[in-house]
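Please read the structure below before turning to the comments.
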Amino acid sequence: MFDADGTKRMQSQYPLLSMEAVRIGYGSHDKTNLAVEDVSFEVWAGEKVMLLGPSRCGKSILLKAIAGFIRPDGGVISFAGREDLRPGPDRAVVFQESDRLFPWRTVMDNVAYPLRVMGWDKDESEEKAGWYLKMTGLEDAADHFPHQLSGGMKQRTAIARALALDPLVLLMDEPFARLDAQTRNRLHGELNEMVLRTHVTVVFVTRSLQEALILGDRVVVLGRAPARVKEVVEVSGVTDPDSERFVCSRRQLRKLLADEIDGGRSL
Amino acid sequence: MNSVKSRRDTIVPKDAGKASRLRQVRLPATLRYAMLLAALLGLWQIYVTFVGQISLPGPLEVAGTLSEGWSGGRLAAATWVTLGTLALGMLIGAMIAVLLTIFAAWTRIGADLLMLLTFTLYPVPAIALLPLLILWFDTSPTSLVVVTVCSVTLPSAINLSAGLKSVNPTIMLVGQNLGLRGWGMFSAVLLPAALPHAVSGLRAGWASGWRTSIAAGLVFGVAGGWPTFFTNDAGDFLPAPELLAGLLTIAFAGILVEATFRLLERGTVVRWGMKVGRE
């Protein structure tokens with residue numbers, strides 16, 4: 001599980017992120033409707049944790065709470081030793097929609113501007129942005145505006161922007177859901193590569209079993225809304241879709257999800 | 001687009017009727033407009049030469065008066081004064097619109113105020129305020145500027161506030177994620193995101209302000225001493241050729257300002273792929 005330079009994963013005895021009995025309600029008045037009910041799990045530095053669940057089960061809301069966009073109504077989210085979470089670039093978010101770049105900035109500026117907000121000077125931030133654009137294969141598109149890019153290139157730009165912030169954790173909300181299968185497969189490979197190079201911790205929301213297995217070290221399986229943790233499955237090293245472990249793990253995950261959906265029907 | 005058209009042209013059989021062959025002729029848009037304009041001017045000249053029942057001067061006569069009016073400085077003065085009033089009115093109006101919009105975006109009472117103003121004042125043409133303003137400020141430039149401000153502010157504010165409301169919530173989350181708050185968020189995310197609407201608001205404001213400042217200038221011209229397109233120093237209406245020369249000047253000035261807006265859009269919202277509506 002720990003590769004030669006994966007020391008980051010072992011260096012701490014505390015998890016980077018821990019969710020304890022997190023509860024999130026919605027509704028403008030009393031918040032009696034629960035989107036998330038009693039969710040607990042931990043994410044260790046260097047891990048890739050997948051939040052897998054049926055659509056609209058509350059997994060995106062969970063991610064928004066980690067990002068600090070919403071406050072939980074119960075329980076504790078503790079990140080890097082802090083519990084009062086406001087939005088910040090230490091938890092860089094890659095959103096699902098592929099057009100969440102600033103349309104008025106070039107690809108280069110989309111990646112470099114956030115660095116300038118963080119206090120880097122112009123040359124430094126452009127140099128760093130250039131490095132991340134190169135890593136994501138976008139150096140030729142640096143002067144393009146987002147509307148001139150394909151969906152895959154937009155999402156690569158968003159990933160480059162997020163990684164350039166040197167975040168402690170990369171929060172990804174179904175980033176590849178709207179892309180075509182081929183682009184998605186290629187980006188899966190590229191993301192794995194990038195994570196390996198930057199040692200970034202990843203929390204990744206998905207509905208796809210395949211995606212969860214290819215990208216994840218652990219899969220947190222969530223039940224129907226309101227979200228609860230059904231099971232946490234270890235899938236580290238399961239990446240080859242033809243391997244026996246992959247097929248077994250996929251069967252296990254599918255059964256967990258299917259139970260959830262059937263359980264919903266019988267109610 | 002062009003290639004599609006030309007491909008369609010080659011498909012049309014060679015013995016197709018004359019009408020369809022005429023439709024096939026592809027000329028640049030400017031040339032087509034120029035030809036159409038020339039034809040209309042020709043018709044006008046023919047009417048004046050051969051029918052001529054009302055006192056309508058021909059295009060050649062008007063052209064002469066136009067160049068005379070410009071070289072003599074009367075039309076130039078009227079144009080600069082009107083455009084100057086408008087520029088000042090737009091500057092003040094746009095600033096009030098921005099303040100009003102910010103107030104409306106951040107407070108409940110501001111939103112209600114904008115809504116109320118929209119409902120009550122929008123149907124009132126700003127020029128209708130002129131008698132009241134003349135009562136307060138006399139026929140001074142102040143009245144002229146104030147009436148222009150009134151006509152510019154509301155259309156701009158309505159568009160700008162619609163623009164702010166239509167800003168995608170996710171892109172604001174992106175801003176928050178970078179740690180932007182308050183003024184930083186406003187200037188780096190909200191304002192550029194709302195720019196397409198802001199530009200069309202400014203455009204609507206200019207159109208309304210231009211009409212108002214010409215109409216108001218006319219009232220002032222009648223009072224005497226104010227350079228307008230239609231009156232002389234004594235406040236009397238000018239003869240027909242000069243009235244038409246004034247109208248043409250208004251059209252040219254309008255085209256010029258529109259072209260400036262297009263240029264502004266091409267450098268910003270069109271370049272960014274954010275242009276709302278057609279084109």
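Naming scheme: A, B, ... for chains in displayed order of the structure tokens; residues 1 onward per chain; ligands 1 onward as shown.
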
Would you give me, as a PDB file with N, CA and C atoms, in the first residue's frame, the residues in segment 92-185 of chain A that DSSP reads as alpha helix (DSSP H)?
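Printed below is out.pdb as written:
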```
ATOM      1  N   VAL A 107      -6.884  30.248 -20.122  1.00  0.00           N
ATOM      2  CA  VAL A 107      -6.535  29.042 -19.373  1.00  0.00           C
ATOM      3  C   VAL A 107      -5.397  29.347 -18.398  1.00  0.00           C
ATOM      4  N   MET A 108      -4.372  30.034 -18.907  1.00  0.00           N
ATOM      5  CA  MET A 108      -3.240  30.392 -18.046  1.00  0.00           C
ATOM      6  C   MET A 108      -3.699  31.230 -16.852  1.00  0.00           C
ATOM      7  N   ASP A 109      -4.524  32.256 -17.110  1.00  0.00           N
ATOM      8  CA  ASP A 109      -4.964  33.142 -16.030  1.00  0.00           C
ATOM      9  C   ASP A 109      -5.895  32.430 -15.057  1.00  0.00           C
ATOM     10  N   ASN A 110      -6.673  31.478 -15.565  1.00  0.00           N
ATOM     11  CA  ASN A 110      -7.548  30.724 -14.678  1.00  0.00           C
ATOM     12  C   ASN A 110      -6.735  29.966 -13.632  1.00  0.00           C
ATOM     13  N   VAL A 111      -5.571  29.488 -14.032  1.00  0.00           N
ATOM     14  CA  VAL A 111      -4.723  28.735 -13.100  1.00  0.00           C
ATOM     15  C   VAL A 111      -3.858  29.685 -12.280  1.00  0.00           C
ATOM     16  N   ALA A 112      -3.395  30.777 -12.919  1.00  0.00           N
ATOM     17  CA  ALA A 112      -2.457  31.669 -12.233  1.00  0.00           C
ATOM     18  C   ALA A 112      -3.157  32.641 -11.282  1.00  0.00           C
ATOM     19  N   TYR A 113      -4.373  33.072 -11.642  1.00  0.00           N
ATOM     20  CA  TYR A 113      -5.045  34.092 -10.834  1.00  0.00           C
ATOM     21  C   TYR A 113      -5.236  33.685  -9.365  1.00  0.00           C
ATOM     22  N   PRO A 114      -5.737  32.438  -9.120  1.00  0.00           N
ATOM     23  CA  PRO A 114      -5.900  32.043  -7.719  1.00  0.00           C
ATOM     24  C   PRO A 114      -4.607  32.147  -6.918  1.00  0.00           C
ATOM     25  N   LEU A 115      -3.472  31.888  -7.577  1.00  0.00           N
ATOM     26  CA  LEU A 115      -2.190  31.998  -6.877  1.00  0.00           C
ATOM     27  C   LEU A 115      -1.908  33.445  -6.498  1.00  0.00           C
ATOM     28  N   ARG A 116      -2.316  34.359  -7.406  1.00  0.00           N
ATOM     29  CA  ARG A 116      -2.097  35.771  -7.093  1.00  0.00           C
ATOM     30  C   ARG A 116      -2.987  36.203  -5.932  1.00  0.00           C
ATOM     31  N   VAL A 117      -4.213  35.633  -5.877  1.00  0.00           N
ATOM     32  CA  VAL A 117      -5.083  35.915  -4.733  1.00  0.00           C
ATOM     33  C   VAL A 117      -4.388  35.473  -3.447  1.00  0.00           C
ATOM     34  N   LYS A 122       3.279  38.053  -9.910  1.00  0.00           N
ATOM     35  CA  LYS A 122       2.820  37.679 -11.255  1.00  0.00           C
ATOM     36  C   LYS A 122       3.713  36.612 -11.896  1.00  0.00           C
ATOM     37  N   ASP A 123       5.028  36.853 -11.862  1.00  0.00           N
ATOM     38  CA  ASP A 123       5.941  35.922 -12.538  1.00  0.00           C
ATOM     39  C   ASP A 123       5.927  34.559 -11.889  1.00  0.00           C
ATOM     40  N   GLU A 124       5.983  34.559 -10.554  1.00  0.00           N
ATOM     41  CA  GLU A 124       5.972  33.288  -9.824  1.00  0.00           C
ATOM     42  C   GLU A 124       4.726  32.478 -10.140  1.00  0.00           C
ATOM     43  N   SER A 125       3.573  33.174 -10.089  1.00  0.00           N
ATOM     44  CA  SER A 125       2.333  32.427 -10.267  1.00  0.00           C
ATOM     45  C   SER A 125       2.206  31.919 -11.701  1.00  0.00           C
ATOM     46  N   GLU A 126       2.701  32.695 -12.673  1.00  0.00           N
ATOM     47  CA  GLU A 126       2.616  32.210 -14.054  1.00  0.00           C
ATOM     48  C   GLU A 126       3.577  31.047 -14.291  1.00  0.00           C
ATOM     49  N   GLU A 127       4.717  31.112 -13.626  1.00  0.00           N
ATOM     50  CA  GLU A 127       5.656  30.003 -13.778  1.00  0.00           C
ATOM     51  C   GLU A 127       5.064  28.719 -13.210  1.00  0.00           C
ATOM     52  N   LYS A 128       4.474  28.875 -12.009  1.00  0.00           N
ATOM     53  CA  LYS A 128       3.894  27.703 -11.374  1.00  0.00           C
ATOM     54  C   LYS A 128       2.703  27.188 -12.187  1.00  0.00           C
ATOM     55  N   ALA A 129       1.857  28.123 -12.646  1.00  0.00           N
ATOM     56  CA  ALA A 129       0.696  27.717 -13.452  1.00  0.00           C
ATOM     57  C   ALA A 129       1.165  27.002 -14.710  1.00  0.00           C
ATOM     58  N   GLY A 130       2.236  27.516 -15.328  1.00  0.00           N
ATOM     59  CA  GLY A 130       2.773  26.884 -16.526  1.00  0.00           C
ATOM     60  C   GLY A 130       3.187  25.451 -16.262  1.00  0.00           C
ATOM     61  N   TRP A 131       3.768  25.224 -15.091  1.00  0.00           N
ATOM     62  CA  TRP A 131       4.203  23.874 -14.725  1.00  0.00           C
ATOM     63  C   TRP A 131       3.004  22.932 -14.638  1.00  0.00           C
ATOM     64  N   TYR A 132       1.924  23.412 -14.009  1.00  0.00           N
ATOM     65  CA  TYR A 132       0.746  22.549 -13.861  1.00  0.00           C
ATOM     66  C   TYR A 132       0.016  22.367 -15.189  1.00  0.00           C
ATOM     67  N   LEU A 133       0.051  23.411 -16.043  1.00  0.00           N
ATOM     68  CA  LEU A 133      -0.557  23.263 -17.368  1.00  0.00           C
ATOM     69  C   LEU A 133       0.200  22.221 -18.178  1.00  0.00           C
ATOM     70  N   LYS A 134       1.503  22.211 -18.001  1.00  0.00           N
ATOM     71  CA  LYS A 134       2.308  21.226 -18.716  1.00  0.00           C
ATOM     72  C   LYS A 134       1.947  19.827 -18.233  1.00  0.00           C
ATOM     73  N   MET A 135       1.802  19.694 -16.919  1.00  0.00           N
ATOM     74  CA  MET A 135       1.487  18.387 -16.361  1.00  0.00           C
ATOM     75  C   MET A 135       0.127  17.889 -16.861  1.00  0.00           C
ATOM     76  N   GLY A 151     -14.863  19.740 -23.395  1.00  0.00           N
ATOM     77  CA  GLY A 151     -15.227  19.440 -22.009  1.00  0.00           C
ATOM     78  C   GLY A 151     -14.063  18.854 -21.225  1.00  0.00           C
ATOM     79  N   GLY A 152     -13.331  17.954 -21.865  1.00  0.00           N
ATOM     80  CA  GLY A 152     -12.196  17.320 -21.188  1.00  0.00           C
ATOM     81  C   GLY A 152     -11.106  18.329 -20.851  1.00  0.00           C
ATOM     82  N   MET A 153     -10.843  19.243 -21.791  1.00  0.00           N
ATOM     83  CA  MET A 153      -9.802  20.245 -21.543  1.00  0.00           C
ATOM     84  C   MET A 153     -10.225  21.217 -20.456  1.00  0.00           C
ATOM     85  N   LYS A 154     -11.526  21.554 -20.433  1.00  0.00           N
ATOM     86  CA  LYS A 154     -12.010  22.425 -19.359  1.00  0.00           C
ATOM     87  C   LYS A 154     -11.769  21.760 -18.005  1.00  0.00           C
ATOM     88  N   GLN A 155     -12.094  20.474 -17.934  1.00  0.00           N
ATOM     89  CA  GLN A 155     -11.966  19.804 -16.646  1.00  0.00           C
ATOM     90  C   GLN A 155     -10.487  19.641 -16.270  1.00  0.00           C
ATOM     91  N   ARG A 156      -9.626  19.432 -17.276  1.00  0.00           N
ATOM     92  CA  ARG A 156      -8.188  19.400 -17.005  1.00  0.00           C
ATOM     93  C   ARG A 156      -7.721  20.735 -16.438  1.00  0.00           C
ATOM     94  N   THR A 157      -8.239  21.833 -17.021  1.00  0.00           N
ATOM     95  CA  THR A 157      -7.875  23.160 -16.512  1.00  0.00           C
ATOM     96  C   THR A 157      -8.308  23.310 -15.063  1.00  0.00           C
ATOM     97  N   ALA A 158      -9.540  22.847 -14.778  1.00  0.00           N
ATOM     98  CA  ALA A 158     -10.033  22.951 -13.402  1.00  0.00           C
ATOM     99  C   ALA A 158      -9.158  22.142 -12.449  1.00  0.00           C
ATOM    100  N   ILE A 159      -8.695  20.975 -12.913  1.00  0.00           N
ATOM    101  CA  ILE A 159      -7.825  20.150 -12.067  1.00  0.00           C
ATOM    102  C   ILE A 159      -6.472  20.841 -11.877  1.00  0.00           C
ATOM    103  N   ALA A 160      -5.949  21.397 -12.986  1.00  0.00           N
ATOM    104  CA  ALA A 160      -4.671  22.119 -12.882  1.00  0.00           C
ATOM    105  C   ALA A 160      -4.795  23.275 -11.897  1.00  0.00           C
ATOM    106  N   ARG A 161      -5.917  24.006 -11.977  1.00  0.00           N
ATOM    107  CA  ARG A 161      -6.138  25.137 -11.082  1.00  0.00           C
ATOM    108  C   ARG A 161      -6.154  24.669  -9.629  1.00  0.00           C
ATOM    109  N   ALA A 162      -6.855  23.551  -9.400  1.00  0.00           N
ATOM    110  CA  ALA A 162      -6.965  23.053  -8.026  1.00  0.00           C
ATOM    111  C   ALA A 162      -5.615  22.558  -7.514  1.00  0.00           C
ATOM    112  N   LEU A 163      -4.875  21.825  -8.352  1.00  0.00           N
ATOM    113  CA  LEU A 163      -3.594  21.268  -7.896  1.00  0.00           C
ATOM    114  C   LEU A 163      -2.564  22.368  -7.659  1.00  0.00           C
ATOM    115  N   ALA A 164      -2.629  23.440  -8.474  1.00  0.00           N
ATOM    116  CA  ALA A 164      -1.656  24.518  -8.343  1.00  0.00           C
ATOM    117  C   ALA A 164      -1.768  25.220  -6.993  1.00  0.00           C
ATOM    118  N   ALA A 181     -17.215   8.676 -22.601  1.00  0.00           N
ATOM    119  CA  ALA A 181     -16.527   7.562 -21.947  1.00  0.00           C
ATOM    120  C   ALA A 181     -15.029   7.558 -22.238  1.00  0.00           C
ATOM    121  N   GLN A 182     -14.679   7.856 -23.489  1.00  0.00           N
ATOM    122  CA  GLN A 182     -13.267   7.809 -23.857  1.00  0.00           C
ATOM    123  C   GLN A 182     -12.451   8.848 -23.101  1.00  0.00           C
ATOM    124  N   THR A 183     -12.958  10.102 -23.104  1.00  0.00           N
ATOM    125  CA  THR A 183     -12.278  11.175 -22.391  1.00  0.00           C
ATOM    126  C   THR A 183     -12.180  10.831 -20.911  1.00  0.00           C
ATOM    127  N   ARG A 184     -13.284  10.263 -20.386  1.00  0.00           N
ATOM    128  CA  ARG A 184     -13.315   9.924 -18.965  1.00  0.00           C
ATOM    129  C   ARG A 184     -12.217   8.914 -18.633  1.00  0.00           C
ATOM    130  N   ASN A 185     -12.120   7.870 -19.459  1.00  0.00           N
ATOM    131  CA  ASN A 185     -11.093   6.859 -19.212  1.00  0.00           C
ATOM    132  C   ASN A 185      -9.699   7.465 -19.224  1.00  0.00           C
TER     133      ASN A 185
END
```

Up to 7 Å from chain A, what residues of chain B turn up? Count only C-alpha atoms and give them as a PDB file with N, CA and C atoms, in the first residue's frame.
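Contents of selection.pdb, freshly written:
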```pdb
ATOM      1  N   THR B 170     -22.378  28.253  -8.694  1.00  0.00           N
ATOM      2  CA  THR B 170     -21.157  27.446  -8.576  1.00  0.00           C
ATOM      3  C   THR B 170     -19.901  28.288  -8.766  1.00  0.00           C
ATOM      4  N   ILE B 171     -19.993  29.284  -9.673  1.00  0.00           N
ATOM      5  CA  ILE B 171     -18.790  30.088  -9.905  1.00  0.00           C
ATOM      6  C   ILE B 171     -18.504  30.959  -8.677  1.00  0.00           C
ATOM      7  N   GLN B 176     -15.311  31.545  -3.503  1.00  0.00           N
ATOM      8  CA  GLN B 176     -15.189  31.300  -2.056  1.00  0.00           C
ATOM      9  C   GLN B 176     -14.067  30.326  -1.771  1.00  0.00           C
ATOM     10  N   ASN B 177     -13.985  29.301  -2.612  1.00  0.00           N
ATOM     11  CA  ASN B 177     -12.974  28.267  -2.425  1.00  0.00           C
ATOM     12  C   ASN B 177     -11.560  28.852  -2.485  1.00  0.00           C
ATOM     13  N   LEU B 178     -11.390  29.886  -3.318  1.00  0.00           N
ATOM     14  CA  LEU B 178     -10.082  30.536  -3.413  1.00  0.00           C
ATOM     15  C   LEU B 178      -9.844  31.479  -2.237  1.00  0.00           C
ATOM     16  N   GLY B 179     -10.872  31.617  -1.381  1.00  0.00           N
ATOM     17  CA  GLY B 179     -10.729  32.485  -0.219  1.00  0.00           C
ATOM     18  C   GLY B 179     -11.162  33.913  -0.487  1.00  0.00           C
ATOM     19  N   TRP B 272     -14.974  36.389 -24.734  1.00  0.00           N
ATOM     20  CA  TRP B 272     -15.061  35.404 -23.659  1.00  0.00           C
ATOM     21  C   TRP B 272     -16.159  34.376 -23.883  1.00  0.00           C
ATOM     22  N   GLY B 273     -16.887  34.508 -24.989  1.00  0.00           N
ATOM     23  CA  GLY B 273     -17.979  33.562 -25.231  1.00  0.00           C
ATOM     24  C   GLY B 273     -19.130  33.739 -24.265  1.00  0.00           C
TER      25      GLY B 273
END
```

Show me, as a list in words, the residues that have an atom within 9 Å of Ala162 of chain B when counting only C-alpha atoms, minus same-chain residues fewer than 4 positions from it. Ala157, Ile158, Ser166, Val167, Ala194, His197 and Ala198 of chain B

Store the residues picked out above in a file with N, CA and C atoms, as a compact mmCIF listing (two decimals), in the first residue's frame.
```txt
# COMPACT_ATOMS: atom_id res chain seq x y z
N ALA B 157 -29.70 50.03 -14.08
CA ALA B 157 -29.80 49.33 -12.80
C ALA B 157 -30.58 48.03 -12.95
N ILE B 158 -31.65 48.06 -13.73
CA ILE B 158 -32.46 46.85 -13.90
C ILE B 158 -31.63 45.75 -14.55
N SER B 166 -28.25 36.55 -12.11
CA SER B 166 -28.07 35.39 -12.97
C SER B 166 -26.67 34.79 -12.85
N VAL B 167 -25.83 35.35 -11.98
CA VAL B 167 -24.49 34.78 -11.83
C VAL B 167 -24.61 33.37 -11.28
N ALA B 194 -21.23 39.39 -14.32
CA ALA B 194 -22.44 40.14 -14.65
C ALA B 194 -22.22 41.10 -15.80
N HIS B 197 -24.61 41.46 -18.91
CA HIS B 197 -25.84 42.18 -18.62
C HIS B 197 -25.55 43.67 -18.38
N ALA B 198 -24.41 43.96 -17.77
CA ALA B 198 -24.06 45.35 -17.51
C ALA B 198 -23.90 46.11 -18.82
```

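When DSSP reads the backbone of this structure, the residues of segment 135-253 of chain A it assigns to strand (DSSP E or B) are Val169, Leu170, Leu171, Met172, Asp173, Thr201, Val202, Val203, Phe204, Val205, Thr206, Arg218, Val219, Val220, Val221, Leu222, Ala227, Val229, Lys230, Glu231, Val232, Val233 and Glu234 of chain A.
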
Using N, CA and C atoms, can you write the selected residues to a file as a PDB file, in the first residue's frame?
```
ATOM      1  N   VAL A 169      -6.047  18.701   0.506  1.00  0.00           N
ATOM      2  CA  VAL A 169      -6.927  17.676  -0.050  1.00  0.00           C
ATOM      3  C   VAL A 169      -7.616  18.240  -1.280  1.00  0.00           C
ATOM      4  N   LEU A 170      -7.807  17.356  -2.262  1.00  0.00           N
ATOM      5  CA  LEU A 170      -8.503  17.721  -3.485  1.00  0.00           C
ATOM      6  C   LEU A 170      -9.912  17.141  -3.371  1.00  0.00           C
ATOM      7  N   LEU A 171     -10.912  18.025  -3.375  1.00  0.00           N
ATOM      8  CA  LEU A 171     -12.292  17.555  -3.264  1.00  0.00           C
ATOM      9  C   LEU A 171     -12.904  17.538  -4.656  1.00  0.00           C
ATOM     10  N   MET A 172     -13.326  16.365  -5.120  1.00  0.00           N
ATOM     11  CA  MET A 172     -13.824  16.280  -6.486  1.00  0.00           C
ATOM     12  C   MET A 172     -15.267  15.788  -6.491  1.00  0.00           C
ATOM     13  N   ASP A 173     -16.136  16.578  -7.113  1.00  0.00           N
ATOM     14  CA  ASP A 173     -17.561  16.278  -7.101  1.00  0.00           C
ATOM     15  C   ASP A 173     -17.994  15.773  -8.486  1.00  0.00           C
ATOM     16  N   THR A 201      -3.997  14.352  -1.284  1.00  0.00           N
ATOM     17  CA  THR A 201      -5.076  13.518  -0.773  1.00  0.00           C
ATOM     18  C   THR A 201      -6.336  13.836  -1.582  1.00  0.00           C
ATOM     19  N   VAL A 202      -7.120  12.809  -1.869  1.00  0.00           N
ATOM     20  CA  VAL A 202      -8.291  13.040  -2.706  1.00  0.00           C
ATOM     21  C   VAL A 202      -9.558  12.515  -2.025  1.00  0.00           C
ATOM     22  N   VAL A 203     -10.600  13.339  -1.995  1.00  0.00           N
ATOM     23  CA  VAL A 203     -11.930  12.847  -1.648  1.00  0.00           C
ATOM     24  C   VAL A 203     -12.789  13.054  -2.888  1.00  0.00           C
ATOM     25  N   PHE A 204     -13.351  11.966  -3.398  1.00  0.00           N
ATOM     26  CA  PHE A 204     -13.926  11.967  -4.736  1.00  0.00           C
ATOM     27  C   PHE A 204     -15.346  11.430  -4.654  1.00  0.00           C
ATOM     28  N   VAL A 205     -16.310  12.238  -5.055  1.00  0.00           N
ATOM     29  CA  VAL A 205     -17.706  11.805  -5.054  1.00  0.00           C
ATOM     30  C   VAL A 205     -18.042  11.191  -6.405  1.00  0.00           C
ATOM     31  N   THR A 206     -18.653  10.034  -6.391  1.00  0.00           N
ATOM     32  CA  THR A 206     -19.009   9.403  -7.657  1.00  0.00           C
ATOM     33  C   THR A 206     -20.241   8.524  -7.516  1.00  0.00           C
ATOM     34  N   ARG A 218      -9.897   3.588  -0.872  1.00  0.00           N
ATOM     35  CA  ARG A 218     -11.008   3.080  -0.065  1.00  0.00           C
ATOM     36  C   ARG A 218     -12.296   3.652  -0.624  1.00  0.00           C
ATOM     37  N   VAL A 219     -13.364   2.877  -0.537  1.00  0.00           N
ATOM     38  CA  VAL A 219     -14.651   3.356  -1.015  1.00  0.00           C
ATOM     39  C   VAL A 219     -15.612   3.433   0.166  1.00  0.00           C
ATOM     40  N   VAL A 220     -16.126   4.614   0.440  1.00  0.00           N
ATOM     41  CA  VAL A 220     -17.153   4.770   1.459  1.00  0.00           C
ATOM     42  C   VAL A 220     -18.500   4.648   0.752  1.00  0.00           C
ATOM     43  N   VAL A 221     -19.209   3.550   1.015  1.00  0.00           N
ATOM     44  CA  VAL A 221     -20.487   3.334   0.339  1.00  0.00           C
ATOM     45  C   VAL A 221     -21.583   3.991   1.162  1.00  0.00           C
ATOM     46  N   LEU A 222     -22.301   4.903   0.536  1.00  0.00           N
ATOM     47  CA  LEU A 222     -23.368   5.624   1.231  1.00  0.00           C
ATOM     48  C   LEU A 222     -24.718   5.068   0.821  1.00  0.00           C
ATOM     49  N   ALA A 227     -28.050  10.494   3.707  1.00  0.00           N
ATOM     50  CA  ALA A 227     -26.838   9.697   3.583  1.00  0.00           C
ATOM     51  C   ALA A 227     -26.380   9.126   4.923  1.00  0.00           C
ATOM     52  N   VAL A 229     -23.337   6.011   6.264  1.00  0.00           N
ATOM     53  CA  VAL A 229     -22.279   5.136   5.758  1.00  0.00           C
ATOM     54  C   VAL A 229     -22.741   3.697   5.878  1.00  0.00           C
ATOM     55  N   LYS A 230     -22.766   3.014   4.749  1.00  0.00           N
ATOM     56  CA  LYS A 230     -23.222   1.630   4.750  1.00  0.00           C
ATOM     57  C   LYS A 230     -22.054   0.697   5.007  1.00  0.00           C
ATOM     58  N   GLU A 231     -20.967   0.982   4.340  1.00  0.00           N
ATOM     59  CA  GLU A 231     -19.780   0.161   4.547  1.00  0.00           C
ATOM     60  C   GLU A 231     -18.579   0.874   3.943  1.00  0.00           C
ATOM     61  N   VAL A 232     -17.411   0.589   4.499  1.00  0.00           N
ATOM     62  CA  VAL A 232     -16.195   1.128   3.898  1.00  0.00           C
ATOM     63  C   VAL A 232     -15.405  -0.043   3.335  1.00  0.00           C
ATOM     64  N   VAL A 233     -15.126   0.019   2.023  1.00  0.00           N
ATOM     65  CA  VAL A 233     -14.476  -1.108   1.357  1.00  0.00           C
ATOM     66  C   VAL A 233     -13.072  -0.714   0.944  1.00  0.00           C
ATOM     67  N   GLU A 234     -12.122  -1.570   1.290  1.00  0.00           N
ATOM     68  CA  GLU A 234     -10.719  -1.338   0.930  1.00  0.00           C
ATOM     69  C   GLU A 234     -10.488  -1.802  -0.507  1.00  0.00           C
TER      70      GLU A 234
END
```

Residue nearest Ser187 of chain B - candidates B:Pro123, B:Gly175, B:Gly84, B:Gly235, atoms counted: only C-alpha atoms: B:Gly175

Distance criterion (only C-alpha atoms): nearest to Ser200 of chain B out of B:Thr231, B:Asn168, B:Ser161, B:Thr139: B:Ser161

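Considering the residues B:Phe50, B:Phe229, B:Phe261, B:Trp80 and counting only C-alpha atoms, Pro196 of chain B has its shortest atom-to-atom contact with B:Phe261.
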
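Across B:Arg211, B:Arg32, B:Arg108, B:Arg74, the tightest approach to Ile127 of chain B is made by B:Arg211 when counting only C-alpha atoms.
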
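Proximity of B:Thr228, B:Ser156, B:Gln53, B:Thr30 to Ala204 of chain B, computed with only C-alpha atoms, is greatest for B:Ser156.
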
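The coordinates place atom CA of Met172 of chain B at 21.9 Å from atom CA of Gly25 of chain A.
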
Contact check, segment 20-107 of chain A to segment 208-217 of chain A, at most 7 Å, counting only C-alpha atoms, closest pairs as a Markdown table:
```
| residue | atom | partner | partner_atom | distance |
| --- | --- | --- | --- | --- |
| A:Glu47 | CA | A:Asp217 | CA | 6.3 |
| A:Lys48 | CA | A:Gly216 | CA | 5.1 |
| A:Val49 | CA | A:Gly216 | CA | 5.6 |
| A:Met50 | CA | A:Gly216 | CA | 5.6 |
| A:Leu52 | CA | A:Ala212 | CA | 6.9 |
```

With C-alpha atoms retained, export the selected residues as an mmCIF file, in the first residue's frame.
```cif
data_model
loop_
_atom_site.group_PDB
_atom_site.id
_atom_site.type_symbol
_atom_site.label_atom_id
_atom_site.label_comp_id
_atom_site.auth_asym_id
_atom_site.auth_seq_id
_atom_site.Cartn_x
_atom_site.Cartn_y
_atom_site.Cartn_z
ATOM 1 C CA GLU A 47 -5.332 8.504 0.555
ATOM 2 C CA LYS A 48 -7.831 8.522 -2.264
ATOM 3 C CA VAL A 49 -11.239 8.072 -0.678
ATOM 4 C CA MET A 50 -14.274 7.625 -2.885
ATOM 5 C CA LEU A 52 -19.988 6.175 -3.637
#
```

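Between atom CA of Leu264 of chain B and atom CA of Leu191 of chain B the interatomic distance comes to 15.9 Å.
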